[in-house]
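**Q** This is the content of structure_16.pdb (PDB, C-alpha atoms and all ligand atoms):
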ATOM      1  CA  MET F1240      85.102  27.907 -18.868  1.00  0.00           C
ATOM      2  CA  GLY F1241      83.587  24.735 -17.469  1.00  0.00           C
ATOM      3  CA  LEU F1242      85.060  21.296 -17.967  1.00  0.00           C
ATOM      4  CA  ARG F1243      82.442  20.312 -20.540  1.00  0.00           C
ATOM      5  CA  ALA F1244      82.920  23.515 -22.539  1.00  0.00           C
ATOM      6  CA  ALA F1245      86.699  23.106 -22.462  1.00  0.00           C
ATOM      7  CA  ALA F1246      86.376  19.504 -23.605  1.00  0.00           C
ATOM      8  CA  LEU F1247      84.073  20.564 -26.448  1.00  0.00           C
ATOM      9  CA  VAL F1248      86.527  23.241 -27.616  1.00  0.00           C
ATOM     10  CA  THR F1249      89.319  20.675 -27.523  1.00  0.00           C
ATOM     11  CA  LEU F1250      87.246  18.249 -29.581  1.00  0.00           C
ATOM     12  CA  MET F1251      86.440  20.940 -32.142  1.00  0.00           C
ATOM     13  CA  ARG F1252      90.142  21.860 -32.461  1.00  0.00           C
ATOM     14  CA  ALA F1253      91.059  18.199 -32.783  1.00  0.00           C
ATOM     15  CA  ALA F1254      88.435  17.741 -35.501  1.00  0.00           C
ATOM     16  CA  ARG F1255      90.004  20.641 -37.430  1.00  0.00           C
ATOM     17  CA  GLY F1256      93.451  19.081 -37.016  1.00  0.00           C
ATOM     18  CA  GLY F1257      94.629  21.719 -34.567  1.00  0.00           C
ATOM     19  CA  LEU F1258      95.830  19.176 -32.041  1.00  0.00           C
ATOM     20  CA  GLY F1259      97.904  16.087 -32.241  1.00  0.00           C
ATOM     21  CA  ARG F1260      95.674  13.228 -33.216  1.00  0.00           C
ATOM     22  CA  GLY F1261      94.432  10.531 -30.940  1.00  0.00           C
ATOM     23  CA  THR F1262      95.203  10.743 -27.288  1.00  0.00           C
ATOM     24  CA  ALA F1263      94.147  14.311 -26.454  1.00  0.00           C
ATOM     25  CA  ALA F1264      90.779  13.960 -28.145  1.00  0.00           C
ATOM     26  CA  VAL F1265      90.176  10.566 -26.593  1.00  0.00           C
ATOM     27  CA  LEU F1266      90.977  11.895 -23.109  1.00  0.00           C
ATOM     28  CA  HIS F1267      88.534  14.756 -23.501  1.00  0.00           C
ATOM     29  CA  VAL F1268      85.777  12.524 -24.829  1.00  0.00           C
ATOM     30  CA  ALA F1269      86.170  10.558 -21.614  1.00  0.00           C
ATOM     31  CA  SER F1270      85.833  13.736 -19.535  1.00  0.00           C
ATOM     32  CA  LEU F1271      82.594  14.665 -21.336  1.00  0.00           C
ATOM     33  CA  SER F1272      80.976  11.490 -20.108  1.00  0.00           C
ATOM     34  CA  SER F1273      82.502  11.513 -16.625  1.00  0.00           C
ATOM     35  CA  ALA F1274      79.783  13.505 -14.897  1.00  0.00           C
ATOM     36  CA  PRO F1275      78.694  11.409 -11.943  1.00  0.00           C
ATOM     37  CA  PRO F1276      75.217   9.922 -12.282  1.00  0.00           C
ATOM     38  CA  GLU F1277      72.523  11.499 -10.149  1.00  0.00           C
ATOM     39  CA  PRO F1278      70.169   9.436  -8.004  1.00  0.00           C
ATOM     40  CA  VAL F1279      66.432   9.710  -8.577  1.00  0.00           C
ATOM     41  CA  ILE F1280      64.080  10.537  -5.733  1.00  0.00           C
ATOM     42  CA  ALA F1281      62.428   7.282  -4.718  1.00  0.00           C
ATOM     43  CA  ALA F1282      60.302   8.850  -1.977  1.00  0.00           C
ATOM     44  CA  LYS F1283      59.868  12.282  -0.435  1.00  0.00           C
ATOM     45  CA  GLU F1284      60.168  10.959   3.090  1.00  0.00           C
ATOM     46  CA  PRO F1285      62.320   8.436   4.950  1.00  0.00           C
ATOM     47  CA  PHE F1286      61.508   4.793   5.635  1.00  0.00           C
ATOM     48  CA  PRO F1287      61.350   3.577   9.256  1.00  0.00           C
ATOM     49  CA  VAL F1288      63.268   0.297   9.427  1.00  0.00           C
ATOM     50  CA  GLU F1289      64.056  -2.121  12.240  1.00  0.00           C
ATOM     51  CA  LEU F1290      67.675  -3.147  11.757  1.00  0.00           C
ATOM     52  CA  LYS F1291      69.160  -6.331  13.191  1.00  0.00           C
ATOM     53  CA  ALA F1292      72.642  -6.375  14.706  1.00  0.00           C
ATOM     54  CA  GLY F1293      75.214  -8.163  12.545  1.00  0.00           C
ATOM     55  CA  LYS F1294      73.010  -8.340   9.448  1.00  0.00           C
ATOM     56  CA  LEU F1295      74.369  -6.948   6.171  1.00  0.00           C
ATOM     57  CA  TYR F1296      72.093  -4.383   4.515  1.00  0.00           C
ATOM     58  CA  ALA F1297      72.412  -2.705   1.119  1.00  0.00           C
ATOM     59  CA  TRP F1298      70.732   0.691   1.056  1.00  0.00           C
ATOM     60  CA  CYS F1299      69.631   1.788  -2.430  1.00  0.00           C
ATOM     61  CA  ALA F1300      71.626   4.880  -3.377  1.00  0.00           C
ATOM     62  CA  CYS F1301      70.344   5.272  -6.957  1.00  0.00           C
ATOM     63  CA  GLY F1302      66.618   5.444  -6.196  1.00  0.00           C
ATOM     64  CA  HIS F1303      65.626   2.932  -8.885  1.00  0.00           C
ATOM     65  CA  SER F1304      65.106  -0.093  -6.636  1.00  0.00           C
ATOM     66  CA  LYS F1305      61.578  -1.446  -6.317  1.00  0.00           C
ATOM     67  CA  ARG F1306      62.462  -2.719  -2.803  1.00  0.00           C
ATOM     68  CA  GLN F1307      62.986   0.699  -1.155  1.00  0.00           C
ATOM     69  CA  PRO F1308      64.897   1.592   0.837  1.00  0.00           C
ATOM     70  CA  PHE F1309      67.036  -1.416  -0.063  1.00  0.00           C
ATOM     71  CA  CYS F1310      68.867  -2.379  -3.244  1.00  0.00           C
ATOM     72  CA  ASP F1311      67.332  -4.796  -5.755  1.00  0.00           C
ATOM     73  CA  GLY F1312      70.156  -4.527  -8.296  1.00  0.00           C
ATOM     74  CA  ALA F1313      68.352  -1.960 -10.486  1.00  0.00           C
ATOM     75  CA  HIS F1314      71.404   0.341 -10.439  1.00  0.00           C
ATOM     76  CA  LYS F1315      73.274  -2.054 -12.737  1.00  0.00           C
ATOM     77  CA  LYS F1316      71.069  -1.040 -15.677  1.00  0.00           C
ATOM     78  CA  ALA F1317      69.431   2.196 -14.555  1.00  0.00           C
ATOM     79  CA  ALA F1318      72.371   3.937 -12.877  1.00  0.00           C
ATOM     80  CA  PRO F1319      75.736   2.353 -13.556  1.00  0.00           C
ATOM     81  CA  GLY F1320      78.243   4.260 -11.437  1.00  0.00           C
ATOM     82  CA  ILE F1321      76.029   4.391  -8.360  1.00  0.00           C
ATOM     83  CA  SER F1322      76.452   1.511  -5.968  1.00  0.00           C
ATOM     84  CA  PRO F1323      74.360   0.599  -2.939  1.00  0.00           C
ATOM     85  CA  LEU F1324      75.712   1.513   0.470  1.00  0.00           C
ATOM     86  CA  ARG F1325      76.377  -1.684   2.386  1.00  0.00           C
ATOM     87  CA  PHE F1326      76.379  -1.542   6.148  1.00  0.00           C
ATOM     88  CA  THR F1327      76.073  -3.799   9.178  1.00  0.00           C
ATOM     89  CA  PRO F1328      74.576  -2.345  12.369  1.00  0.00           C
ATOM     90  CA  GLU F1329      76.287  -3.243  15.632  1.00  0.00           C
ATOM     91  CA  GLU F1330      73.021  -3.315  17.555  1.00  0.00           C
ATOM     92  CA  ASP F1331      69.323  -3.868  16.958  1.00  0.00           C
ATOM     93  CA  LYS F1332      67.713  -0.500  16.384  1.00  0.00           C
ATOM     94  CA  THR F1333      64.955   1.317  14.545  1.00  0.00           C
ATOM     95  CA  VAL F1334      66.219   3.990  12.171  1.00  0.00           C
ATOM     96  CA  TRP F1335      64.927   6.281   9.444  1.00  0.00           C
ATOM     97  CA  LEU F1336      66.585   5.372   6.134  1.00  0.00           C
ATOM     98  CA  CYS F1337      66.649   8.051   3.449  1.00  0.00           C
ATOM     99  CA  GLY F1338      64.126   7.666   0.646  1.00  0.00           C
ATOM    100  CA  CYS F1339      64.955  10.818  -1.291  1.00  0.00           C
ATOM    101  CA  LYS F1340      68.556   9.675  -1.904  1.00  0.00           C
ATOM    102  CA  HIS F1341      69.899  13.161  -1.295  1.00  0.00           C
ATOM    103  CA  THR F1342      70.824  12.867   2.371  1.00  0.00           C
ATOM    104  CA  ARG F1343      74.271  14.054   3.382  1.00  0.00           C
ATOM    105  CA  LEU F1344      74.391  11.269   5.959  1.00  0.00           C
ATOM    106  CA  PRO F1345      73.663   8.088   3.987  1.00  0.00           C
ATOM    107  CA  PRO F1346      71.947   5.783   4.579  1.00  0.00           C
ATOM    108  CA  TYR F1347      70.166   7.803   7.262  1.00  0.00           C
ATOM    109  CA  CYS F1348      67.699  10.626   6.779  1.00  0.00           C
ATOM    110  CA  ASP F1349      69.153  14.016   7.673  1.00  0.00           C
ATOM    111  CA  GLY F1350      66.072  16.079   6.808  1.00  0.00           C
ATOM    112  CA  THR F1351      67.199  17.019   3.294  1.00  0.00           C
ATOM    113  CA  HIS F1352      63.892  15.651   1.968  1.00  0.00           C
ATOM    114  CA  LYS F1353      62.152  18.706   3.453  1.00  0.00           C
ATOM    115  CA  GLU F1354      63.913  21.011   0.983  1.00  0.00           C
ATOM    116  CA  ASP F1355      61.988  22.430  -2.001  1.00  0.00           C
ATOM    117  CA  ALA F1356      64.211  20.617  -4.509  1.00  0.00           C
ATOM    118  CA  VAL F1357      62.926  17.300  -3.164  1.00  0.00           C
ATOM    119  CA  GLN F1358      59.365  18.250  -2.268  1.00  0.00           C
ATOM    120  CA  SER F1359      58.677  19.869  -5.654  1.00  0.00           C
ATOM    121  CA  ALA F1360      60.302  17.069  -7.690  1.00  0.00           C
ATOM    122  CA  GLN F1361      58.328  14.612  -9.794  1.00  0.00           C
ATOM    123  CA  LEU F1362      58.583  11.042  -8.584  1.00  0.00           C
ATOM    124  CA  PRO F1363      59.395   8.380 -11.156  1.00  0.00           C
ATOM    125  CA  ALA F1364      56.358   6.504 -12.456  1.00  0.00           C
TER     126      ALA F1364
HETATM  127  S1  LIG Y1401      64.393  11.046   3.127  1.00  0.00           S
HETATM  128 FE1  LIG Y1401      66.281  11.718   2.286  1.00  0.00          FE
HETATM  129  S2  LIG Y1401      67.018  13.108   3.770  1.00  0.00           S
HETATM  130 FE2  LIG Y1401      65.124  12.446   4.586  1.00  0.00          FE
END
Here is the file; what I need is its structure written in the form of structure tokens.

**A**
Amino acid sequence: MGLRAAALVTLMRAARGGLGRGTAAVLHVASLSSAPPEPVIAAKEPFPVELKAGKLYAWCACGHSKRQPFCDGAHKKAAPGISPLRFTPEEDKTVWLCGCKHTRLPPYCDGTHKEDAVQSAQLPA
């Protein structure tokens, strides 16, 4: 049984009075809503970016920013629980920053955007 199903069974038992009141039900309600938020696909390809040594960057991890590939604060309303990835390069360099937000090597593109799950996805309006 998955975590959500187990939590639902616990809630149903609690509602029938089968469990001690209060704490157990409250704990399981919290686990129902604890699924981590998922990023949206901002783009189906990476963004080439010239980074400057010593400058602080905030890569958008939620996909909702209108300043891709960087954060514009949109996560605060659109995806609470996902924070931008802040980084400071040690040298000037041109890199490919992930636009699909599903890379396994954030903030850099690792080629994940080539997978069907990304290429067949609908982009947000
Ligand atoms: S754009 Fe996300 S892995 Fe390439």

**Q** Please write out the residues within 9 Å of ligand LIG 1401 (chain Y) as a PyMOL selection string, counting all atoms listed in the file.

**A** chain F and resi 1280-1286+1335-1354+1357

**Q** Give the padded box for range 1320-1337 of chain F as JSON: axis-aligned, covering all atoms listed in the file, 8 Å on each side, centre and edge lengths in Å to one decimal.

**A**
{"center_x": 71.6, "center_y": 2.1, "center_z": 3.1, "size_x": 29.3, "size_y": 27.9, "size_z": 45.0}

**Q** Contacts of Leu1295 in chain F at 8 Å or less, counting only C-alpha atoms, minus same-chain residues fewer than 5 places along, as a list in words?

**A**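 Here the qualifying residues turn out to be Arg1325, Phe1326, Thr1327 and Pro1328 of chain F.
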
**Q** Can you pull out every residue within 12 Å of Gly1320 in chain F, counting only C-alpha atoms, but drop anything in the same chain fewer than 3 positions away, and send it as a list in words?

**A** Ser1272, Ser1273, Ala1274, Pro1275, Pro1276, Glu1277, Pro1278, Ala1300, Cys1301, Ala1313, His1314, Lys1315, Lys1316, Ala1317 and Pro1323 of chain F

**Q** I'd like the residues picked by the PyMOL selection byres (((chain F and resi 1363) around 9) and not hetatm) written out as an NGL selection string, using the chain letters and numbers from the file.

**A** :F and (1279-1281 or 1303 or 1361-1362 or 1364)

**Q** Measure the distance from CA of Ile1321 in chain F to CA of Val1288 in chain F in Å and round it to one decimal.

**A**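 Separation of CA of Ile1321 in chain F and CA of Val1288 in chain F: 22.3 Å.
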
**Q** Using Å and a single decimal, report how far CA of Tyr1296 in chain F sits from CA of Ala1360 in chain F.

**A**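 For CA of Ala1360 in chain F relative to CA of Tyr1296 in chain F, the distance reads 27.4 Å.
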
**Q** Do you have the CA of Gln1358 in chain F-CA of Pro1308 in chain F distance handy?

**A** 17.8 Å

**Q** At a cut-off of 7 Å, using only C-alpha atoms, what residues contact Thr1333 in chain F? Leave out same-chain residues fewer than 3 positions from it and give the result as a compact mmCIF listing (two decimals) with C-alpha atoms, keeping the file's coordinate frame.

**A**
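Contents of the output file result-v9.txt:
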# COMPACT_ATOMS: atom_id res chain seq x y z
CA PRO F 1287 61.35 3.58 9.26
CA VAL F 1288 63.27 0.30 9.43
CA GLU F 1289 64.06 -2.12 12.24
CA LEU F 1290 67.68 -3.15 11.76

**Q** When you count all atoms listed in the file, which of these residues is closest to Ala1297 in chain F: F:Val1334, F:Leu1324, F:Ala1356, F:Pro1319?

**A**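 Going through F:Val1334, F:Leu1324, F:Ala1356, F:Pro1319 one by one, the smallest distance to Ala1297 in chain F is for F:Leu1324.
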
**Q** Name every residue that the PyMOL selection byres (((chain F and resi 1309) around 6) and not hetatm) selects in this structure, writing the answer as a PyMOL selection string with chains first and numbers rising.

**A** chain F and resi 1297-1299+1306-1308+1310
